[in-house]
>>> print(open('protein_29.txt').read())   # compact mmCIF, C-alpha atoms
# COMPACT_ATOMS: atom_id res chain seq x y z
CA MET A 1 2.05 2.18 140.67
CA ALA A 2 -0.29 4.13 138.56
CA VAL A 3 -0.60 6.66 141.27
CA ALA A 4 3.11 6.88 141.76
CA ASN A 5 3.58 7.51 138.09
CA LYS A 6 1.13 10.25 137.79
CA PRO A 7 3.29 13.09 138.92
CA ASN A 8 6.03 11.94 136.67
CA ALA A 9 3.86 11.91 133.68
CA LEU A 10 2.55 15.32 134.43
CA GLU A 11 5.92 16.74 135.20
CA ARG A 12 7.14 15.41 131.99
CA VAL A 13 4.37 17.01 130.09
CA ALA A 14 4.81 20.18 132.05
CA SER A 15 8.42 20.37 131.26
CA ASP A 16 7.73 20.32 127.71
CA PRO A 17 6.85 23.21 125.98
CA VAL A 18 3.65 22.19 125.13
CA SER A 19 1.41 21.03 123.18
CA ARG A 20 -1.84 21.13 122.88
CA ARG A 21 -2.97 22.27 119.90
CA LYS A 22 -6.23 21.61 120.38
CA LEU A 23 -8.18 24.27 120.32
CA LEU A 24 -9.81 26.53 118.61
CA ALA A 25 -8.36 29.15 117.24
CA VAL A 26 -9.00 31.43 114.86
CA THR A 27 -12.03 32.59 113.69
CA GLY A 28 -14.03 34.30 111.67
CA GLY A 29 -16.36 36.40 112.61
CA SER A 30 -18.73 37.00 115.27
CA THR A 31 -18.39 40.09 117.24
CA ALA A 32 -18.19 38.29 120.51
CA LEU A 33 -15.45 36.17 119.21
CA ALA A 34 -13.71 39.10 117.62
CA ALA A 35 -13.85 40.90 120.93
CA PHE A 36 -12.58 37.86 122.64
CA LEU A 37 -9.72 37.54 120.23
CA ALA A 38 -8.87 41.17 120.57
CA ALA A 39 -8.82 40.69 124.28
CA CYS A 40 -6.35 37.96 123.86
CA GLY A 41 -4.02 40.55 123.07
CA SER A 42 -0.67 39.49 123.35
CA GLY A 43 0.83 39.50 120.15
CA SER A 44 -1.86 39.23 117.87
CA ASN A 45 -0.92 40.21 114.60
CA SER A 46 -2.92 39.42 111.83
CA ASN A 47 -6.29 39.12 110.83
CA SER A 48 -5.41 37.02 108.36
CA THR A 49 -6.46 33.90 108.94
CA THR A 50 -6.51 31.15 107.02
CA THR A 51 -5.40 27.96 107.05
CA THR A 52 -7.35 25.24 106.94
CA ALA A 53 -5.29 22.51 107.37
CA ASN A 54 -2.03 21.93 108.46
CA ASN A 55 0.47 23.17 106.35
CA GLY A 56 -0.20 25.75 104.07
CA GLY A 57 2.82 27.81 103.92
CA GLY A 58 3.30 28.38 107.52
CA ALA A 59 -0.03 29.86 108.45
CA THR A 60 -1.61 27.96 111.26
CA GLY A 61 -4.66 30.06 111.88
CA THR A 62 -3.49 30.49 115.43
CA GLU A 63 -1.45 33.63 114.91
CA LYS A 64 -4.01 35.71 116.73
CA PHE A 65 -3.22 33.81 119.86
CA GLY A 66 0.48 34.44 119.64
CA LYS A 67 3.43 33.52 117.53
CA GLY A 68 4.45 30.00 116.71
CA ASP A 69 4.03 27.38 119.38
CA VAL A 70 2.76 29.92 121.91
CA GLY A 71 -0.08 30.81 119.56
CA ILE A 72 -0.93 27.17 119.05
CA LEU A 73 -0.85 26.56 122.78
CA ASN A 74 -3.07 29.53 123.49
CA TYR A 75 -5.50 28.35 120.85
CA ALA A 76 -5.55 24.99 122.56
CA LEU A 77 -5.92 26.66 125.93
CA THR A 78 -8.95 28.55 124.69
CA LEU A 79 -10.57 25.35 123.52
CA GLU A 80 -9.80 23.63 126.80
CA TYR A 81 -11.31 26.52 128.74
CA LEU A 82 -14.40 26.10 126.65
CA GLU A 83 -14.59 22.36 127.26
CA THR A 84 -14.01 22.77 130.97
CA ALA A 85 -16.78 25.37 131.25
CA PHE A 86 -19.09 23.20 129.22
CA TYR A 87 -18.69 20.16 131.47
CA ALA A 88 -19.03 22.30 134.59
CA ASP A 89 -22.32 23.69 133.27
CA VAL A 90 -23.52 20.21 132.37
CA VAL A 91 -22.77 18.91 135.86
CA LYS A 92 -24.74 21.82 137.34
CA SER A 93 -27.64 21.32 134.98
CA GLY A 94 -28.82 18.22 136.84
CA LEU A 95 -29.57 16.48 133.57
CA PHE A 96 -27.33 13.54 134.38
CA LYS A 97 -27.04 11.01 137.15
CA GLY A 98 -25.12 7.90 137.96
CA SER A 99 -22.45 6.64 135.63
CA ASP A 100 -23.13 9.23 132.94
CA LEU A 101 -22.64 11.98 135.48
CA ALA A 102 -19.44 10.32 136.68
CA THR A 103 -18.14 10.23 133.12
CA ILE A 104 -18.96 13.89 132.61
CA ARG A 105 -17.22 14.85 135.84
CA LYS A 106 -14.18 12.81 134.90
CA PHE A 107 -13.91 14.35 131.45
CA GLY A 108 -14.42 17.81 132.90
CA SER A 109 -11.64 17.30 135.40
CA GLU A 110 -9.32 16.12 132.65
CA GLU A 111 -10.06 19.21 130.59
CA ALA A 112 -9.31 21.32 133.64
CA GLU A 113 -5.96 19.56 133.92
CA HIS A 114 -5.31 20.42 130.31
CA VAL A 115 -6.06 24.07 131.08
CA THR A 116 -3.59 24.06 133.93
CA ALA A 117 -0.89 22.35 131.94
CA LEU A 118 -1.31 24.57 128.90
CA THR A 119 -1.28 27.71 131.01
CA GLY A 120 1.98 26.54 132.54
CA PHE A 121 3.49 25.77 129.16
CA VAL A 122 2.63 29.15 127.73
CA LYS A 123 4.22 30.86 130.72
CA GLN A 124 7.25 28.65 130.50
CA MET A 125 7.75 29.72 126.95
CA GLY A 126 7.57 33.36 127.96
CA GLY A 127 4.09 33.86 126.53
CA LYS A 128 0.95 35.30 128.05
CA PRO A 129 -1.77 32.72 128.56
CA ALA A 130 -4.99 33.40 126.68
CA PRO A 131 -7.82 34.66 128.87
CA LYS A 132 -10.71 32.47 129.87
CA PRO A 133 -13.59 33.15 127.51
CA LYS A 134 -17.14 33.72 128.72
CA THR A 135 -19.26 30.90 127.48
CA GLU A 136 -22.84 29.83 127.23
CA PHE A 137 -24.17 26.47 126.13
CA PRO A 138 -27.65 25.26 125.28
CA LEU A 139 -28.47 22.61 127.87
CA LYS A 140 -31.93 21.41 127.04
CA SER A 141 -32.03 17.67 127.34
CA ALA A 142 -29.64 14.90 128.23
CA LYS A 143 -29.58 13.72 124.66
CA SER A 144 -28.90 17.11 123.11
CA VAL A 145 -26.19 17.75 125.69
CA LEU A 146 -24.49 14.45 124.92
CA GLU A 147 -24.66 15.27 121.25
CA LEU A 148 -23.09 18.64 121.86
CA ALA A 149 -20.42 17.04 124.04
CA ALA A 150 -19.60 14.56 121.30
CA THR A 151 -19.44 17.36 118.75
CA VAL A 152 -17.14 19.42 120.92
CA GLU A 153 -14.82 16.50 121.69
CA ASN A 154 -14.65 15.34 118.09
CA LEU A 155 -13.87 18.91 117.10
CA GLY A 156 -11.25 19.22 119.82
CA ALA A 157 -9.50 16.05 118.70
CA ALA A 158 -9.57 17.28 115.10
CA ALA A 159 -8.24 20.66 116.20
CA TYR A 160 -5.19 19.13 117.89
CA LEU A 161 -4.63 16.89 114.92
CA GLY A 162 -4.81 19.90 112.63
CA GLN A 163 -2.12 21.77 114.55
CA ALA A 164 0.31 18.91 115.21
CA PRO A 165 2.28 19.39 112.02
CA ASN A 166 2.56 23.10 112.74
CA ILE A 167 4.27 22.64 116.08
CA GLN A 168 7.95 23.48 116.10
CA GLY A 169 9.19 22.14 119.41
CA ALA A 170 9.49 18.38 119.80
CA SER A 171 8.53 18.51 123.43
CA VAL A 172 5.55 20.71 122.67
CA LEU A 173 4.53 18.20 120.06
CA ALA A 174 4.89 15.35 122.54
CA ALA A 175 2.67 17.14 125.02
CA ALA A 176 0.10 18.01 122.35
CA LEU A 177 -0.05 14.41 121.27
CA SER A 178 -0.56 13.26 124.82
CA ILE A 179 -3.61 15.51 125.02
CA HIS A 180 -4.80 14.80 121.49
CA SER A 181 -5.28 11.10 122.12
CA VAL A 182 -7.17 11.81 125.34
CA GLU A 183 -9.56 14.05 123.41
CA GLY A 184 -9.96 11.19 120.95
CA ARG A 185 -10.83 8.88 123.84
CA HIS A 186 -13.41 11.32 125.15
CA ALA A 187 -14.94 11.65 121.70
CA ALA A 188 -15.20 7.89 121.23
CA ALA A 189 -16.72 7.37 124.67
CA LEU A 190 -19.40 9.97 123.97
CA ASP A 191 -20.01 8.51 120.51
CA THR A 192 -20.51 5.15 122.22
CA LEU A 193 -23.02 6.60 124.70
CA LEU A 194 -24.96 8.00 121.76
CA GLY A 195 -24.83 4.78 119.80
CA GLU A 196 -22.82 6.49 117.07
CA SER A 197 -19.72 5.27 115.32
CA ILE A 198 -16.59 5.64 117.43
CA THR A 199 -14.63 6.51 114.30
CA PRO A 200 -16.76 8.98 112.36
CA ASP A 201 -13.94 9.61 109.87
CA GLY A 202 -13.20 5.93 109.38
CA ALA A 203 -9.75 4.42 109.93
CA PHE A 204 -8.01 7.78 109.58
CA ALA A 205 -9.08 10.74 111.70
CA LYS A 206 -9.40 14.02 109.85
CA PRO A 207 -7.75 17.22 111.02
CA ALA A 208 -9.57 20.53 111.34
CA GLY A 209 -7.98 23.90 110.73
CA ALA A 210 -8.19 26.67 113.29
CA ASP A 211 -10.58 28.75 111.20
CA GLU A 212 -13.07 25.97 110.96
CA VAL A 213 -12.80 25.08 114.61
CA LEU A 214 -13.18 28.64 115.82
CA LYS A 215 -16.15 29.18 113.64
CA SER A 216 -17.78 26.10 115.09
CA VAL A 217 -17.32 27.19 118.68
CA GLU A 218 -18.20 30.81 118.03
CA PRO A 219 -21.85 30.38 119.05
CA PHE A 220 -20.77 29.37 122.55
CA ILE A 221 -18.45 32.28 123.22
CA VAL A 222 -20.31 35.28 124.53
CA GLY A 223 -17.52 37.52 125.60
CA MET B 1 7.66 -5.54 140.49
CA SER B 2 6.65 -9.11 140.02
CA ASP B 3 3.18 -8.32 141.19
CA GLN B 4 2.75 -5.87 138.34
CA ILE B 5 3.95 -8.40 135.87
CA LEU B 6 1.45 -10.85 137.18
CA ALA B 7 -1.22 -8.24 136.82
CA GLN B 8 -1.12 -8.76 133.08
CA PRO B 9 0.15 -12.29 132.67
CA GLU B 10 -1.46 -12.57 129.28
CA LEU B 11 1.36 -10.59 127.74
CA ALA B 12 4.00 -13.01 128.83
CA GLY B 13 2.59 -15.55 126.46
CA VAL B 14 2.41 -13.39 123.38
CA SER B 15 4.88 -14.83 120.98
CA ILE B 16 6.17 -13.38 117.82
CA ASP B 17 7.85 -15.47 115.17
CA THR B 18 11.46 -14.45 114.78
CA ASP B 19 12.42 -16.62 111.86
CA SER B 20 12.34 -13.91 109.31
CA GLU B 21 15.46 -11.84 109.49
CA ASP B 22 14.03 -8.57 108.40
CA ILE B 23 11.49 -8.44 111.13
CA SER B 24 13.92 -9.01 113.93
CA ARG B 25 14.40 -5.39 114.85
CA SER B 26 10.75 -4.57 115.01
CA GLU B 27 10.09 -7.78 116.80
CA VAL B 28 12.54 -6.97 119.54
CA ILE B 29 11.20 -3.47 119.91
CA LEU B 30 7.66 -4.71 119.94
CA LYS B 31 8.37 -7.37 122.48
CA GLY B 32 10.08 -4.84 124.69
CA ALA B 33 7.22 -2.42 124.24
CA LEU B 34 4.67 -5.02 125.19
CA ALA B 35 6.73 -6.05 128.16
CA ALA B 36 6.83 -2.45 129.27
CA GLY B 37 3.09 -2.31 128.86
CA ALA B 38 2.78 -5.36 131.04
CA VAL B 39 4.85 -3.91 133.81
CA TYR B 40 3.85 -0.30 133.94
CA GLY B 41 0.74 -0.12 131.90
CA ALA B 42 0.64 0.60 128.25
CA LEU B 43 1.49 4.23 128.61
CA ALA B 44 4.98 3.42 129.70
CA VAL B 45 6.01 2.36 126.30
CA GLY B 46 6.66 5.60 124.47
CA PRO B 47 10.15 6.51 125.64
CA PHE B 48 11.42 3.00 125.25
CA VAL B 49 10.18 2.83 121.72
CA GLY B 50 11.73 6.17 120.93
CA ARG B 51 15.07 5.13 122.27
CA ALA B 52 15.06 1.79 120.56
CA LEU B 53 14.25 3.44 117.27
CA ALA B 54 16.94 6.01 117.72
CA MET B 55 19.43 3.22 118.15
CA ALA B 56 18.34 1.41 115.04
CA GLU B 57 18.75 2.39 111.44
CA SER B 58 15.88 4.43 111.25
CA GLY B 59 14.37 7.68 110.28
CA ASP B 60 10.80 7.83 109.18
CA VAL B 61 10.89 4.46 107.47
CA GLY B 62 12.09 2.81 110.67
CA ILE B 63 9.29 4.42 112.64
CA LEU B 64 6.74 3.44 110.02
CA ASN B 65 7.95 -0.14 110.01
CA PHE B 66 7.66 -0.26 113.76
CA ALA B 67 4.11 1.05 113.49
CA LEU B 68 3.40 -1.46 110.75
CA THR B 69 4.45 -4.30 113.03
CA LEU B 70 2.08 -3.08 115.71
CA GLU B 71 -0.72 -2.82 113.19
CA TYR B 72 -0.01 -6.32 111.90
CA LEU B 73 -0.36 -7.55 115.44
CA GLU B 74 -3.64 -5.75 115.97
CA ALA B 75 -5.08 -6.75 112.62
CA ALA B 76 -4.24 -10.42 113.20
CA PHE B 77 -5.60 -10.24 116.72
CA TYR B 78 -9.00 -8.88 115.68
CA GLU B 79 -9.32 -11.10 112.67
CA GLU B 80 -8.82 -14.16 114.79
CA ALA B 81 -11.12 -12.75 117.45
CA GLN B 82 -14.05 -12.79 115.05
CA THR B 83 -14.25 -16.52 115.51
CA ARG B 84 -12.44 -16.93 118.80
CA ALA B 85 -13.56 -14.20 121.19
CA GLY B 86 -17.07 -15.52 121.60
CA ALA B 87 -18.46 -12.06 121.06
CA SER B 88 -21.98 -11.10 120.15
CA GLY B 89 -24.01 -7.94 119.70
CA ASP B 90 -22.20 -4.64 120.13
CA LEU B 91 -18.89 -6.26 120.87
CA LYS B 92 -19.05 -8.34 117.73
CA SER B 93 -19.66 -5.22 115.66
CA LEU B 94 -16.88 -3.41 117.47
CA ILE B 95 -14.42 -6.21 116.71
CA GLN B 96 -15.32 -6.02 113.05
CA LEU B 97 -14.98 -2.25 112.96
CA VAL B 98 -11.68 -2.16 114.78
CA GLY B 99 -10.28 -5.03 112.74
CA ARG B 100 -11.15 -3.22 109.53
CA ASP B 101 -9.48 -0.05 110.74
CA GLU B 102 -6.30 -1.93 111.66
CA GLU B 103 -6.20 -3.54 108.25
CA GLU B 104 -6.52 -0.14 106.63
CA HIS B 105 -3.66 1.07 108.79
CA VAL B 106 -1.54 -1.84 107.60
CA GLY B 107 -2.33 -0.94 103.99
CA ALA B 108 -1.62 2.77 104.43
CA LEU B 109 1.64 2.23 106.30
CA THR B 110 2.84 -0.27 103.72
CA GLU B 111 2.13 2.20 100.92
CA THR B 112 3.80 5.06 102.73
CA ILE B 113 6.94 3.04 103.39
CA LYS B 114 7.15 2.11 99.72
CA LYS B 115 6.63 5.72 98.68
CA LEU B 116 9.53 6.73 100.85
CA GLY B 117 11.69 4.14 99.13
CA GLY B 118 11.72 1.78 102.08
CA LYS B 119 10.91 -1.88 102.37
CA PRO B 120 7.88 -2.80 104.45
CA VAL B 121 8.62 -5.41 107.08
CA ALA B 122 7.13 -8.85 106.62
CA GLU B 123 4.16 -9.82 108.74
CA PRO B 124 5.27 -11.78 111.79
CA LYS B 125 3.41 -14.80 113.08
CA PHE B 126 1.57 -14.17 116.29
CA ASP B 127 0.16 -16.34 118.99
CA PHE B 128 -2.35 -14.76 121.32
CA PRO B 129 -2.86 -16.47 124.62
CA TYR B 130 -6.33 -15.78 125.93
CA ASN B 131 -9.50 -17.53 126.82
CA GLY B 132 -13.00 -16.36 126.16
CA THR B 133 -14.50 -12.95 125.78
CA ALA B 134 -13.07 -11.58 129.00
CA GLY B 135 -9.58 -12.72 128.08
CA PHE B 136 -9.93 -11.19 124.65
CA LEU B 137 -11.10 -7.86 126.05
CA LYS B 138 -8.30 -7.64 128.53
CA LEU B 139 -5.65 -8.24 125.90
CA ALA B 140 -7.39 -5.90 123.46
CA GLN B 141 -7.28 -3.09 125.99
CA THR B 142 -3.58 -3.61 126.53
CA PHE B 143 -2.86 -3.65 122.81
CA GLU B 144 -4.86 -0.51 122.10
CA ASP B 145 -3.42 1.47 124.98
CA THR B 146 0.03 0.29 123.98
CA GLY B 147 -0.61 1.34 120.40
CA VAL B 148 -1.54 4.86 121.49
CA SER B 149 1.63 5.13 123.55
CA ALA B 150 3.82 3.75 120.86
CA TYR B 151 2.61 6.27 118.29
CA ASN B 152 2.73 9.14 120.74
CA GLY B 153 6.24 8.17 121.74
CA ALA B 154 7.58 7.85 118.23
CA ALA B 155 5.76 10.71 116.52
CA PRO B 156 7.91 13.60 117.75
CA GLN B 157 10.88 12.04 115.97
CA ILE B 158 9.17 11.94 112.63
CA LYS B 159 10.82 14.21 110.10
CA ALA B 160 8.35 14.53 107.25
CA LYS B 161 5.18 16.52 107.88
CA GLU B 162 3.09 14.18 105.80
CA VAL B 163 4.26 11.21 107.81
CA LEU B 164 3.49 13.03 111.05
CA GLU B 165 0.01 13.83 109.78
CA ALA B 166 -0.58 10.19 108.95
CA ALA B 167 0.71 9.01 112.31
CA GLY B 168 -1.47 11.57 114.10
CA SER B 169 -4.49 10.51 112.16
CA ILE B 170 -3.88 6.87 113.04
CA VAL B 171 -3.10 7.42 116.71
CA GLN B 172 -6.38 9.24 117.24
CA VAL B 173 -8.20 6.23 115.84
CA GLU B 174 -6.20 3.93 118.12
CA ALA B 175 -7.23 6.10 121.06
CA ARG B 176 -10.86 5.80 119.98
CA HIS B 177 -10.52 2.03 119.82
CA ALA B 178 -8.89 2.03 123.24
CA ALA B 179 -11.77 4.01 124.74
CA ALA B 180 -14.42 1.77 123.21
CA ILE B 181 -12.67 -1.42 124.35
CA ARG B 182 -12.23 0.04 127.82
CA LEU B 183 -15.95 0.76 128.01
CA GLN B 184 -16.59 -2.88 127.15
CA ASN B 185 -14.35 -3.75 130.08
CA LYS B 186 -16.28 -1.35 132.32
CA GLU B 187 -13.15 0.72 132.72
CA GLU B 188 -12.56 4.45 132.40
CA PRO B 189 -12.27 5.22 128.69
CA ALA B 190 -9.74 7.96 129.38
CA PRO B 191 -8.04 7.03 132.65
CA GLU B 192 -5.57 9.92 132.62
CA ALA B 193 -5.72 13.52 131.46
CA PHE B 194 -2.49 12.99 129.55
CA ASP B 195 -1.68 9.77 127.78
CA PRO B 196 1.60 9.61 129.70
CA ALA B 197 5.04 8.08 129.51
CA LEU B 198 7.36 6.90 132.21
CA PRO B 199 10.89 8.20 132.55
CA GLU B 200 13.02 6.42 130.04
CA ALA B 201 15.56 4.88 132.38
CA LYS B 202 12.86 3.30 134.45
CA VAL B 203 11.20 1.79 131.47
CA LEU B 204 14.41 0.46 130.00
CA LYS B 205 15.30 -1.17 133.24
CA ALA B 206 11.92 -2.77 133.46
CA VAL B 207 11.95 -4.17 129.96
CA GLU B 208 15.49 -5.51 129.91
CA PRO B 209 14.56 -8.93 131.20
CA PHE B 210 12.05 -9.34 128.41
CA ILE B 211 14.27 -8.53 125.47
CA ALA B 212 15.51 -11.62 123.73
>>> encode(input="protein_29.txt", output="structure tokens")
Amino acid sequence: MAVANKPNALERVASDPVSRRKLLAVTGGSTALAAFLAACGSGSNSNSTTTTANNGGGATGTEKFGKGDVGILNYALTLEYLETAFYADVVKSGLFKGSDLATIRKFGSEEAEHVTALTGFVKQMGGKPAPKPKTEFPLKSAKSVLELAATVENLGAAAYLGQAPNIQGASVLAAALSIHSVEGRHAAALDTLLGESITPDGAFAKPAGADEVLKSVEPFIVG
Amino acid sequence: MSDQILAQPELAGVSIDTDSEDISRSEVILKGALAAGAVYGALAVGPFVGRALAMAESGDVGILNFALTLEYLEAAFYEEAQTRAGASGDLKSLIQLVGRDEEEHVGALTETIKKLGGKPVAEPKFDFPYNGTAGFLKLAQTFEDTGVSAYNGAAPQIKAKEVLEAAGSIVQVEARHAAAIRLQNKEEPAPEAFDPALPEAKVLKAVEPFIA
């Protein structure tokens, strides 16, 4: 039954406009990131930035990725590209075996599904999907990689949470939420592997604005 | 279909006290949601919950009261588990942590409902049928996955931004609980790339027999 349902669930998400807010968006600064953002092209308007949290007067911090929901989706897409590339690099690194490796593969494949879904949503809404960024991650030891993974997942979950209130379309919101909670699951699983608290913010998860998120991932984007 | 029901027989025995009039709506929705979870897996619940809420009085207060009922259930479940689940070590700590979070959710939802001028629903009486640590973990997984689905299903109907923010902040924590409990069960912490929902008609049909 679970298998039979899978296509339905995906179709449903796919038919929505999308959601994912997750990602990283806006940034501040580094040249690589600036170049990357410029390359994103479509529609970027402002440099303005801002926004830390969720509401502030309409600014979402994702404007550089497109207008409205498309911008939010492209921001999320960028973050998902980054996560997918990260897990792929980790798998190749040979630092993990057994059940930890299986978990990493599983999470990586889920991020890849998010990429596919978000790309589809952006197109469906008449937008141009954000390009895949070039990335580079420090992969020194199993422990440092797990720590980085946990950081990235916690950030991803916070990024989606930060954009949720900015989303206009109900179906986009539904899709974003369906991804948001999966990112939260990933984060908690990695926190568990590290022996850290599964709820670092306590009983209420904290959102992160696009500026903050983009700044955090900036070191990993090389072009 | 009966084989799926039997796959999670523990839900059939969950009983919710219906004496109090003002909890009846949430109780029915909750029971239906749990039944849907039993049949299709927790993720099936969202559309049903959304529809049921749309049919009821509603608005944000209705959604918050539904969430409050779910949180009451979880809080009561974990509180009781501290002495009943036979847990030790990491699991014992996890039960304490999760229970505390659920209690904080109850408090926050109650406050929010009052702020919006609504009346928080009364806490129902619950009866959790399980035996031992394994039984506890199985039911916990179902409750947490169901909680995630319920919030995800209801959230897009929320009108006020602040309420949506609060719901989002809680659902992420529910998802974290779900993942941690699943790891205790040696299950995938994130079984699907999208915390999904079944088509509404299918879910409604499945839950009909369980609605009092």
>>> closest_residue(input="protein_29.txt", among="B:Gly135, B:Gly59, B:Gly117, B:Gly107", to="chain A", atoms="only C-alpha atoms")
B:Gly107
>>> atom_distance(input="protein_29.txt", atom1="CA of Thr60 in chain A", atom2="CA of Glu104 in chain B")
28.9 Å
>>> interface_residues(input="protein_29.txt", of="chain B", to="chain A", cutoff="9 Å", atoms="all atoms listed in the file", output="VMD selection string")
chain B and resid 4 40 to 41 97 to 98 100 to 105 148 to 149 152 to 153 155 to 157 161 to 162 164 to 166 168 to 180 183 188 to 199
>>> residues_around(input="protein_29.txt", residues="range 84-88 of chain B", least_positions_apart="2", cutoff="7 Å", atoms="all atoms listed in the file", output="number ranges by chain")
B: 80-82, 90-92, 132-133, 136
>>> write_last_selection(input="protein_29.txt", atoms="C-alpha atoms", output="PDB file, in the coordinates of the input")
ATOM      1  CA  GLU B  80      -8.820 -14.160 114.790  1.00  0.00           C
ATOM      2  CA  ALA B  81     -11.120 -12.750 117.450  1.00  0.00           C
ATOM      3  CA  GLN B  82     -14.050 -12.790 115.050  1.00  0.00           C
ATOM      4  CA  ASP B  90     -22.200  -4.640 120.130  1.00  0.00           C
ATOM      5  CA  LEU B  91     -18.890  -6.260 120.870  1.00  0.00           C
ATOM      6  CA  LYS B  92     -19.050  -8.340 117.730  1.00  0.00           C
ATOM      7  CA  GLY B 132     -13.000 -16.360 126.160  1.00  0.00           C
ATOM      8  CA  THR B 133     -14.500 -12.950 125.780  1.00  0.00           C
ATOM      9  CA  PHE B 136      -9.930 -11.190 124.650  1.00  0.00           C
TER      10      PHE B 136
END
>>> atom_distance(input="protein_29.txt", atom1="CA of Thr84 in chain A", atom2="CA of Gln184 in chain B")
26.1 Å
>>> closest_residue(input="protein_29.txt", among="B:Asn65, B:Thr83, B:Asn185, B:Ser93", to="Gly118 in chain B", atoms="all atoms listed in the file")
B:Asn65
>>> atom_distance(input="protein_29.txt", atom1="CA of Ile181 in chain B", atom2="CA of Val145 in chain A")
23.5 Å
>>> build_atoms(input="protein_29.txt", residues="range 70-87 of chain A", atoms="N, CA and C atoms", output="PDB file, keeping the file's coordinate frame")
ATOM      1  N   VAL A  70       3.554  29.238 120.884  1.00  0.00           N
ATOM      2  CA  VAL A  70       2.760  29.920 121.910  1.00  0.00           C
ATOM      3  C   VAL A  70       1.337  30.165 121.401  1.00  0.00           C
ATOM      4  N   GLY A  71       1.238  30.572 120.152  1.00  0.00           N
ATOM      5  CA  GLY A  71      -0.080  30.810 119.560  1.00  0.00           C
ATOM      6  C   GLY A  71      -0.899  29.534 119.505  1.00  0.00           C
ATOM      7  N   ILE A  72      -0.239  28.462 119.129  1.00  0.00           N
ATOM      8  CA  ILE A  72      -0.930  27.170 119.050  1.00  0.00           C
ATOM      9  C   ILE A  72      -1.386  26.735 120.446  1.00  0.00           C
ATOM     10  N   LEU A  73      -0.504  26.934 121.412  1.00  0.00           N
ATOM     11  CA  LEU A  73      -0.850  26.560 122.780  1.00  0.00           C
ATOM     12  C   LEU A  73      -1.999  27.388 123.321  1.00  0.00           C
ATOM     13  N   ASN A  74      -1.995  28.666 123.011  1.00  0.00           N
ATOM     14  CA  ASN A  74      -3.070  29.530 123.490  1.00  0.00           C
ATOM     15  C   ASN A  74      -4.398  29.201 122.811  1.00  0.00           C
ATOM     16  N   TYR A  75      -4.313  28.823 121.586  1.00  0.00           N
ATOM     17  CA  TYR A  75      -5.500  28.350 120.850  1.00  0.00           C
ATOM     18  C   TYR A  75      -6.057  27.117 121.551  1.00  0.00           C
ATOM     19  N   ALA A  76      -5.160  26.200 121.844  1.00  0.00           N
ATOM     20  CA  ALA A  76      -5.550  24.990 122.560  1.00  0.00           C
ATOM     21  C   ALA A  76      -6.112  25.320 123.933  1.00  0.00           C
ATOM     22  N   LEU A  77      -5.470  26.254 124.599  1.00  0.00           N
ATOM     23  CA  LEU A  77      -5.920  26.660 125.930  1.00  0.00           C
ATOM     24  C   LEU A  77      -7.348  27.200 125.870  1.00  0.00           C
ATOM     25  N   THR A  78      -7.606  27.981 124.855  1.00  0.00           N
ATOM     26  CA  THR A  78      -8.950  28.550 124.690  1.00  0.00           C
ATOM     27  C   THR A  78      -9.990  27.442 124.530  1.00  0.00           C
ATOM     28  N   LEU A  79      -9.651  26.470 123.711  1.00  0.00           N
ATOM     29  CA  LEU A  79     -10.570  25.350 123.520  1.00  0.00           C
ATOM     30  C   LEU A  79     -10.757  24.546 124.800  1.00  0.00           C
ATOM     31  N   GLU A  80      -9.696  24.395 125.549  1.00  0.00           N
ATOM     32  CA  GLU A  80      -9.800  23.630 126.800  1.00  0.00           C
ATOM     33  C   GLU A  80     -10.617  24.379 127.840  1.00  0.00           C
ATOM     34  N   TYR A  81     -10.469  25.707 127.849  1.00  0.00           N
ATOM     35  CA  TYR A  81     -11.310  26.520 128.740  1.00  0.00           C
ATOM     36  C   TYR A  81     -12.784  26.280 128.405  1.00  0.00           C
ATOM     37  N   LEU A  82     -13.023  26.271 127.111  1.00  0.00           N
ATOM     38  CA  LEU A  82     -14.400  26.100 126.650  1.00  0.00           C
ATOM     39  C   LEU A  82     -14.946  24.722 127.067  1.00  0.00           C
ATOM     40  N   GLU A  83     -14.150  23.705 126.882  1.00  0.00           N
ATOM     41  CA  GLU A  83     -14.590  22.360 127.260  1.00  0.00           C
ATOM     42  C   GLU A  83     -14.804  22.246 128.766  1.00  0.00           C
ATOM     43  N   THR A  84     -13.890  22.828 129.514  1.00  0.00           N
ATOM     44  CA  THR A  84     -14.010  22.770 130.970  1.00  0.00           C
ATOM     45  C   THR A  84     -15.293  23.455 131.440  1.00  0.00           C
ATOM     46  N   ALA A  85     -15.560  24.631 130.879  1.00  0.00           N
ATOM     47  CA  ALA A  85     -16.780  25.370 131.250  1.00  0.00           C
ATOM     48  C   ALA A  85     -18.028  24.591 130.849  1.00  0.00           C
ATOM     49  N   PHE A  86     -17.957  23.982 129.704  1.00  0.00           N
ATOM     50  CA  PHE A  86     -19.090  23.200 129.220  1.00  0.00           C
ATOM     51  C   PHE A  86     -19.428  22.069 130.205  1.00  0.00           C
ATOM     52  N   TYR A  87     -18.423  21.282 130.554  1.00  0.00           N
ATOM     53  CA  TYR A  87     -18.690  20.160 131.470  1.00  0.00           C
ATOM     54  C   TYR A  87     -19.159  20.655 132.834  1.00  0.00           C
TER      55      TYR A  87
END
